[in-house]
Amino acid sequence: MSIPQLVLVCFTMMLSTAVMAAMPVDANLINVKTQYGAKGDGVTDDTQAIRRATVENLTNHRTIYFPTGTYLIREGIDWLQPDGTFGAFTTWQGDGVGRTVIQLADKAPAFQDPAKPRAVVRLGSLGKRPGDDKDGGGNRAHNNYLFDMTIHSGKGNPGAIGIDYVASNTGAMVDIAIISGDGDGVTGLKLTREVGPCLLKNIRVDGFDTGIEVRAPLYGITFQTITLNGQRKVGFSNDMNVAAIRNLTSRNTVPAIRSKGGVLVLLASQLAGGAADVTAIELEGAAVIRDVHVDGYGVSIKSGEQSLRDRRITHHVSGKSHSLFAKQGATPATLKLPVIDPPEVSNADGSKWVNVLKFHDGPVDRKTDIAPAVQKAIDSGAETIYFPHGWYNMEGTVIVRGNVRRIIGFNSWLNKDKTIFRFENKQPVVLERFNDPGTMVLASNQPVLLAHLISPEYKFEHPTAKLLIENVVGGSINITKGQSVHAWQLDIELPPPKPMIDNNGGLFWVLGYKTEFGATVLATRDGGKSEVLGGLFYAAQGVKDPQTAAIVVENAECSVSFQDIAFYDGGKYPIIIRDTQGGKTLELTRKQLSKSDWVIMPLYTTR
């Protein structure tokens with residue numbers, strides 16, 4: 001079967017198996033059909049309806065809902081505010097891949113020149129300060145979300161970009177297909193305007209010259225479960241960024257990956273296709289590649305003059321590894337800690353959803369306590385508990401128990417200083433899409449997934465508590481023996497003196513970890529085990545104490561792969577690694593590792 005045939009078959013299968021994300025009508029979402037007159041019939045031009053819905057609701061943490069349908073557009077949709085500057089803090093929510101489709105008309109006039117490509121959908125960073133990037137780039141693209149939809153670039157549009165995406169600190173694309181109708185187009189997913197940190201999960205790109213393009217050293221991007229099919233030049237291109245990828249499937253005759261500068265982390269992936277004269281992974285920079293199967297390519301990895309032809313890449317590091325206490329002759333290696341994958345929660349059965357306001361008769365304001373209503377909703381037997389978008393006052397502890405498998409806030413605010421979610425769940429549970437959700441007390445041995453949150457706090461009570469994190473910016477994390485944290489896209493921005501992650505005998509694993517403010521980013525002590533796969537440490541606010549080490553290890557095991565960036569002297573960690581084993585302390589200093597503003601660490605390991 002040829003690559004184009006395979007793409008068509010796989011896309012058809014994807015459409016037939018997609019899970020509908022049914023959104024409740026009373027969730028206070030912005031409905032493009034009922035409120036803005038979009039038809040979604042695949043015939044009517046819905047450009048202006050979608051544009052108005054987006055313009056009028058940007059920067060307000062609102063969710064714009066696209067019910068099942070094909071929304072035909074004849075121009076690109078930029079996330080612009082009424083004054084013409086870009087906005088952020090917005091969510092586009094569909095009903096599922098293949099069900100909600102935003103489709104560019106065939107042969108759209110503005111999409112004909114590959115030298116001047118245009119995006120079908122282009123998100124942006126807030127642009128109302130002097131010096132802000134007029135193209136929508138920048139570091140204020142907070143809370144930009146796309147969920148459960150297909151972006152289709154039509155046919156006969158050689159100058160098309162599927163999605164030009166940007167997010168800062170928190171933001172995600174989850175369950176998104178980006179499809180070229182005839183394989184034409186420049187880039188499926190463009191990530192070149194100072195993007196990150198953010199999470200891209202369950203993303204599929206079919207066609208285009210380049211499937212995914214990443215460029216710029218700031219701020220690190222996390223990829224989980226990515227499928228690339230039928231690209232014409234390269235599947236995935238990374239230039240200077242920290243790209244942390246797990247579970248990439250590429251079916252291509254061209255190179256699957258090209259990475260230059262920065263740090264590439266590639267785990268548990270399948271790269272199929274190629275030819276005898278084609279290289280699967282072209283490297284000019286640091287990389288950790290682990291558990292990757294290559295099929296069809298003549299060369300698996302080419303890095304400088306080195307060519308690797310192994311079909312199964314168990315563990316490969318490109319660039320210089322460091323280990324202060326490794327045994328003589330040992331090959332440095334990542335810890336390869338066990339991973340607990342996040343629970344998958346189906347959106348399909350609306351009968352198992354319940355609105356917290358069903359149990360609340362009074363006003364909903366900043367004075368009225370709705371914690372009793374939330375507890376009644378949790379105890380109602382429903383599996384999904386939802387808060388219609390708004391601001392809620394919860395003055396007390398709510399116990400998560402019973403049948404509940406998910407609590408979703410649609411980007412609502414909670415009273416951070418008083419709200420406590422106490423997790424006593426008997427099965428995995430998810431809490432997602434809240435601003436300032438308060439304190440999370442982990443009092444269960446079952447996994448708790450916190451996803452798409454701003455500023456949660458954490459308290460571990462159960463001796464074997466299991467915290468999972470997806471796309472969260474929040475407070476410091478302290479774990480002890482028997483407890484574990486697994487994270488996909490974690491951002492912590494805290495000043496000293498406390499370490500941002502303090503692992504005292506537990507297990508910490510993270511794919512994509514970004515920090516600011518100059519405190520120790522990770523301390524692992526007393527037999528703990530920590531693994532950082534793709535870190536971006538950026539002490540832009542300064543490192544006040546010259547004795548502060550970025551990474552501290554004390555009689556424990558640790559492996560880290562990261563890039564440390566500092567654009568002025570005061571923002572540099574003088575000590576990158578401080579490792580103590582058996583009473584002896586050794587250090588790796590910045591002066592030992594780099595003469596530039598950057599420290600690139602392909603791998604530091606205690607093994």
# chains A, B, ... in the order shown; residues from 1 in each chain; ligands from 1
call {"tool": "residues_around", "arguments": {"residues": "Leu337 of chain A", "least_positions_apart": "4", "cutoff": "12 Å", "atoms": "only C-alpha atoms", "output": "PyMOL selection string"}}
result
chain A and resi 333+484-486+506-511+528-533+557-559
call {"tool": "residues_around", "arguments": {"residues": "Val553 of chain A", "least_positions_apart": "4", "cutoff": "12 Å", "atoms": "only C-alpha atoms", "output": "MDAnalysis selection string"}}
result
chainID A and resid 323:325 499 501:505 520:531 549 557:560 576:588 604:606
call {"tool": "write_last_selection", "arguments": {"atoms": "N, CA and C atoms", "output": "compact mmCIF listing (two decimals), in the first residue's frame"}}
result
# COMPACT_ATOMS: atom_id res chain seq x y z
N SER A 323 28.31 12.62 34.08
CA SER A 323 27.95 11.83 35.25
C SER A 323 29.10 11.92 36.23
N LEU A 324 28.91 12.58 37.35
CA LEU A 324 30.00 12.83 38.30
C LEU A 324 30.38 11.61 39.11
N PHE A 325 29.44 10.67 39.26
CA PHE A 325 29.71 9.50 40.10
C PHE A 325 29.55 8.18 39.36
N PRO A 499 13.11 24.62 46.87
CA PRO A 499 13.18 24.03 45.53
C PRO A 499 11.79 23.96 44.90
N ILE A 501 10.74 21.58 42.80
CA ILE A 501 10.40 20.17 43.02
C ILE A 501 11.33 19.64 44.10
N ASP A 502 10.76 19.15 45.19
CA ASP A 502 11.56 18.59 46.28
C ASP A 502 11.15 17.13 46.45
N ASN A 503 11.96 16.25 45.92
CA ASN A 503 11.67 14.81 45.93
C ASN A 503 12.51 14.14 47.00
N ASN A 504 11.85 13.81 48.10
CA ASN A 504 12.54 13.18 49.23
C ASN A 504 12.15 11.71 49.32
N GLY A 505 12.74 10.91 48.44
CA GLY A 505 12.53 9.46 48.49
C GLY A 505 11.45 8.96 47.57
N THR A 520 16.26 26.51 42.91
CA THR A 520 16.61 25.15 42.49
C THR A 520 15.39 24.53 41.81
N VAL A 521 15.57 24.04 40.60
CA VAL A 521 14.42 23.54 39.85
C VAL A 521 14.06 22.12 40.26
N LEU A 522 15.04 21.37 40.78
CA LEU A 522 14.79 19.98 41.19
C LEU A 522 15.81 19.56 42.22
N ALA A 523 15.30 19.12 43.37
CA ALA A 523 16.14 18.49 44.39
C ALA A 523 15.65 17.07 44.60
N THR A 524 16.57 16.12 44.51
CA THR A 524 16.23 14.71 44.71
C THR A 524 17.12 14.16 45.82
N ARG A 525 16.50 13.62 46.87
CA ARG A 525 17.24 13.25 48.06
C ARG A 525 16.76 11.90 48.59
N ASP A 526 17.56 11.35 49.48
CA ASP A 526 17.16 10.22 50.34
C ASP A 526 16.59 9.05 49.56
N GLY A 527 17.29 8.63 48.53
CA GLY A 527 16.85 7.47 47.76
C GLY A 527 15.78 7.74 46.73
N GLY A 528 15.42 9.00 46.52
CA GLY A 528 14.44 9.35 45.51
C GLY A 528 14.95 9.11 44.10
N LYS A 529 14.03 9.07 43.15
CA LYS A 529 14.38 8.89 41.74
C LYS A 529 13.65 9.96 40.93
N SER A 530 14.41 10.71 40.11
CA SER A 530 13.84 11.77 39.31
C SER A 530 14.36 11.69 37.89
N GLU A 531 13.46 11.95 36.92
CA GLU A 531 13.83 11.93 35.51
C GLU A 531 13.17 13.11 34.81
N ALA A 549 22.19 25.89 43.15
CA ALA A 549 22.39 24.97 42.03
C ALA A 549 21.05 24.72 41.35
N GLU A 557 18.95 9.07 42.96
CA GLU A 557 19.19 8.84 41.54
C GLU A 557 18.46 9.89 40.71
N CYS A 558 19.14 10.34 39.65
CA CYS A 558 18.55 11.41 38.86
C CYS A 558 19.12 11.36 37.45
N SER A 559 18.27 11.61 36.44
CA SER A 559 18.76 11.84 35.08
C SER A 559 17.97 13.00 34.50
N VAL A 560 18.68 13.92 33.86
CA VAL A 560 18.05 15.14 33.35
C VAL A 560 18.59 15.47 31.97
N ILE A 576 25.33 24.31 37.93
CA ILE A 576 24.28 23.62 37.20
C ILE A 576 23.87 22.35 37.93
N ILE A 577 24.84 21.55 38.36
CA ILE A 577 24.55 20.30 39.08
C ILE A 577 25.37 20.28 40.36
N ARG A 578 24.73 19.97 41.48
CA ARG A 578 25.43 19.64 42.72
C ARG A 578 24.99 18.24 43.14
N ASP A 579 25.93 17.30 43.11
CA ASP A 579 25.61 15.89 43.34
C ASP A 579 26.40 15.40 44.54
N THR A 580 25.68 14.88 45.54
CA THR A 580 26.29 14.33 46.74
C THR A 580 25.94 12.85 46.84
N GLN A 581 26.98 12.03 46.95
CA GLN A 581 26.78 10.59 47.10
C GLN A 581 27.75 10.09 48.17
N GLY A 582 27.19 9.44 49.21
CA GLY A 582 28.03 8.85 50.24
C GLY A 582 28.93 9.84 50.95
N GLY A 583 28.45 11.05 51.16
CA GLY A 583 29.24 12.04 51.89
C GLY A 583 30.16 12.88 51.04
N LYS A 584 30.29 12.58 49.77
CA LYS A 584 31.16 13.34 48.87
C LYS A 584 30.30 14.18 47.93
N THR A 585 30.66 15.45 47.80
CA THR A 585 29.91 16.36 46.95
C THR A 585 30.77 16.84 45.78
N LEU A 586 30.22 16.74 44.58
CA LEU A 586 30.87 17.22 43.37
C LEU A 586 29.92 18.16 42.65
N GLU A 587 30.49 19.06 41.85
CA GLU A 587 29.67 20.05 41.14
C GLU A 587 30.07 20.18 39.69
N LEU A 588 29.07 20.46 38.86
CA LEU A 588 29.30 20.90 37.49
C LEU A 588 28.89 22.37 37.43
N TYR A 604 22.50 14.47 31.94
CA TYR A 604 23.25 14.26 33.17
C TYR A 604 22.57 13.11 33.90
N THR A 605 23.38 12.19 34.40
CA THR A 605 22.79 11.03 35.08
C THR A 605 23.67 10.58 36.22
N THR A 606 23.05 10.05 37.25
CA THR A 606 23.80 9.46 38.35
C THR A 606 24.20 8.03 38.04
call {"tool": "residues_around", "arguments": {"residues": "Ser351 of chain A", "least_positions_apart": "3", "cutoff": "12 Å", "atoms": "only C-alpha atoms", "output": "ChimeraX atom specification"}}
result
/A:22-24,346-348,354-355,381-385
call {"tool": "select_by_dssp", "arguments": {"residues": "segment 28-260 of chain A", "states": "alpha helix (DSSP H)", "output": "CSV table (one decimal) with C-alpha atoms, in the first residue's frame"}}
result
chain,number,residue,atom,x,y,z
A,47,THR,CA,-16.1,32.9,7.8
A,48,GLN,CA,-17.7,36.0,9.3
A,49,ALA,CA,-19.7,34.1,11.9
A,50,ILE,CA,-16.6,32.4,13.3
A,51,ARG,CA,-14.6,35.6,13.1
A,52,ARG,CA,-17.2,37.5,15.1
A,53,ALA,CA,-17.5,34.8,17.7
A,54,THR,CA,-13.8,34.9,18.1
A,55,VAL,CA,-13.2,38.6,18.1
call {"tool": "select_by_dssp", "arguments": {"residues": "segment 3-231 of chain A", "states": "strand (DSSP E or B)", "output": "ChimeraX atom specification"}}
result
/A:30-31,41-45,62-65,69-73,77-78,80,86,90-93,100-104,118-122,142-152,160-164,168-179,187-191,199-206,210-215,221-229
call {"tool": "residues_around", "arguments": {"residues": "segment 431-435 of chain A", "least_positions_apart": "4", "cutoff": "7 Å", "atoms": "only C-alpha atoms", "output": "ChimeraX atom specification"}}
result
/A:406-414,449-455
call {"tool": "write_last_selection", "arguments": {"atoms": "N, CA, C and O atoms", "output": "PDB file, in the first residue's frame"}}
result
ATOM      1  N   ARG A 406     -14.436  12.668  36.487  1.00  0.00           N
ATOM      2  CA  ARG A 406     -13.921  13.947  35.986  1.00  0.00           C
ATOM      3  C   ARG A 406     -14.699  15.102  36.573  1.00  0.00           C
ATOM      4  O   ARG A 406     -15.916  15.052  36.729  1.00  0.00           O
ATOM      5  N   ILE A 407     -13.962  16.206  36.847  1.00  0.00           N
ATOM      6  CA  ILE A 407     -14.538  17.490  37.231  1.00  0.00           C
ATOM      7  C   ILE A 407     -13.958  18.511  36.260  1.00  0.00           C
ATOM      8  O   ILE A 407     -12.742  18.676  36.177  1.00  0.00           O
ATOM      9  N   ILE A 408     -14.832  19.198  35.520  1.00  0.00           N
ATOM     10  CA  ILE A 408     -14.384  20.112  34.474  1.00  0.00           C
ATOM     11  C   ILE A 408     -14.965  21.498  34.712  1.00  0.00           C
ATOM     12  O   ILE A 408     -16.150  21.641  35.012  1.00  0.00           O
ATOM     13  N   GLY A 409     -14.112  22.531  34.571  1.00  0.00           N
ATOM     14  CA  GLY A 409     -14.542  23.875  34.929  1.00  0.00           C
ATOM     15  C   GLY A 409     -14.751  24.829  33.778  1.00  0.00           C
ATOM     16  O   GLY A 409     -15.189  25.961  33.992  1.00  0.00           O
ATOM     17  N   PHE A 410     -14.434  24.413  32.549  1.00  0.00           N
ATOM     18  CA  PHE A 410     -14.577  25.294  31.388  1.00  0.00           C
ATOM     19  C   PHE A 410     -13.953  26.668  31.654  1.00  0.00           C
ATOM     20  O   PHE A 410     -14.529  27.705  31.366  1.00  0.00           O
ATOM     21  N   ASN A 411     -12.755  26.636  32.251  1.00  0.00           N
ATOM     22  CA  ASN A 411     -11.962  27.843  32.530  1.00  0.00           C
ATOM     23  C   ASN A 411     -12.638  28.778  33.533  1.00  0.00           C
ATOM     24  O   ASN A 411     -12.498  30.007  33.452  1.00  0.00           O
ATOM     25  N   SER A 412     -13.334  28.199  34.488  1.00  0.00           N
ATOM     26  CA  SER A 412     -13.924  28.982  35.573  1.00  0.00           C
ATOM     27  C   SER A 412     -12.874  29.323  36.624  1.00  0.00           C
ATOM     28  O   SER A 412     -11.812  28.695  36.707  1.00  0.00           O
ATOM     29  N   TRP A 413     -13.212  30.328  37.449  1.00  0.00           N
ATOM     30  CA  TRP A 413     -12.374  30.714  38.576  1.00  0.00           C
ATOM     31  C   TRP A 413     -12.976  30.169  39.872  1.00  0.00           C
ATOM     32  O   TRP A 413     -14.195  30.128  40.034  1.00  0.00           O
ATOM     33  N   LEU A 414     -12.101  29.807  40.794  1.00  0.00           N
ATOM     34  CA  LEU A 414     -12.531  29.420  42.132  1.00  0.00           C
ATOM     35  C   LEU A 414     -11.838  30.307  43.155  1.00  0.00           C
ATOM     36  O   LEU A 414     -10.864  30.999  42.844  1.00  0.00           O
ATOM     37  N   LEU A 449      -5.400  13.059  38.034  1.00  0.00           N
ATOM     38  CA  LEU A 449      -4.859  13.852  36.938  1.00  0.00           C
ATOM     39  C   LEU A 449      -5.366  15.280  37.053  1.00  0.00           C
ATOM     40  O   LEU A 449      -6.576  15.519  37.071  1.00  0.00           O
ATOM     41  N   LEU A 450      -4.447  16.236  37.107  1.00  0.00           N
ATOM     42  CA  LEU A 450      -4.767  17.650  37.063  1.00  0.00           C
ATOM     43  C   LEU A 450      -4.344  18.162  35.694  1.00  0.00           C
ATOM     44  O   LEU A 450      -3.179  18.057  35.317  1.00  0.00           O
ATOM     45  N   ALA A 451      -5.288  18.731  34.937  1.00  0.00           N
ATOM     46  CA  ALA A 451      -5.010  19.099  33.550  1.00  0.00           C
ATOM     47  C   ALA A 451      -5.506  20.510  33.260  1.00  0.00           C
ATOM     48  O   ALA A 451      -6.604  20.897  33.677  1.00  0.00           O
ATOM     49  N   HIS A 452      -4.683  21.273  32.551  1.00  0.00           N
ATOM     50  CA  HIS A 452      -5.070  22.594  32.043  1.00  0.00           C
ATOM     51  C   HIS A 452      -5.516  23.509  33.190  1.00  0.00           C
ATOM     52  O   HIS A 452      -6.626  24.048  33.188  1.00  0.00           O
ATOM     53  N   LEU A 453      -4.633  23.686  34.155  1.00  0.00           N
ATOM     54  CA  LEU A 453      -4.922  24.479  35.351  1.00  0.00           C
ATOM     55  C   LEU A 453      -3.910  25.600  35.511  1.00  0.00           C
ATOM     56  O   LEU A 453      -2.738  25.465  35.143  1.00  0.00           O
ATOM     57  N   ILE A 454      -4.374  26.696  36.115  1.00  0.00           N
ATOM     58  CA  ILE A 454      -3.502  27.785  36.521  1.00  0.00           C
ATOM     59  C   ILE A 454      -3.480  27.863  38.035  1.00  0.00           C
ATOM     60  O   ILE A 454      -4.517  28.012  38.675  1.00  0.00           O
ATOM     61  N   SER A 455      -2.309  27.701  38.625  1.00  0.00           N
ATOM     62  CA  SER A 455      -2.019  27.984  40.038  1.00  0.00           C
ATOM     63  C   SER A 455      -2.635  27.037  41.057  1.00  0.00           C
ATOM     64  O   SER A 455      -3.096  27.477  42.117  1.00  0.00           O
TER      65      SER A 455
END
call {"tool": "residues_around", "arguments": {"residues": "segment 439-446 of chain A", "least_positions_apart": "6", "cutoff": "9 Å", "atoms": "only C-alpha atoms", "output": "ChimeraX atom specification"}}
result
/A:416-429,456-467,483
call {"tool": "residues_around", "arguments": {"residues": "Thr100 of chain A", "least_positions_apart": "4", "cutoff": "10 Å", "atoms": "only C-alpha atoms", "output": "PyMOL selection string"}}
result
chain A and resi 20-21+40+65-71+93-96+148-151
call {"tool": "closest_residue", "arguments": {"among": "A:Asp361, A:Asp175, A:Asp369, A:Glu284", "to": "Met240 of chain A", "atoms": "only C-alpha atoms"}}
result
A:Glu284
call {"tool": "residues_around", "arguments": {"residues": "Ala141 of chain A", "least_positions_apart": "2", "cutoff": "12 Å", "atoms": "only C-alpha atoms", "output": "ChimeraX atom specification"}}
result
/A:58-59,61,79,86-91,122-127,132-133,136-139,143-145,165-172,193-198,219
call {"tool": "atom_distance", "arguments": {"atom1": "atom CA of Phe517 of chain A", "atom2": "atom CA of Gly535 of chain A"}}
result
14.7 Å
call {"tool": "closest_residue", "arguments": {"among": "A:Val263, A:Ala276, A:Ala377, A:Ile575", "to": "Asn403 of chain A", "atoms": "only C-alpha atoms"}}
result
A:Ala377
call {"tool": "closest_residue", "arguments": {"among": "A:Ile477, A:Arg607, A:Gln35, A:Phe223", "to": "Leu335 of chain A", "atoms": "only C-alpha atoms"}}
result
A:Arg607
call {"tool": "closest_residue", "arguments": {"among": "A:Val404, A:Ala326, A:Ala287, A:Ile565", "to": "Lys352 of chain A", "atoms": "only C-alpha atoms"}}
result
A:Val404
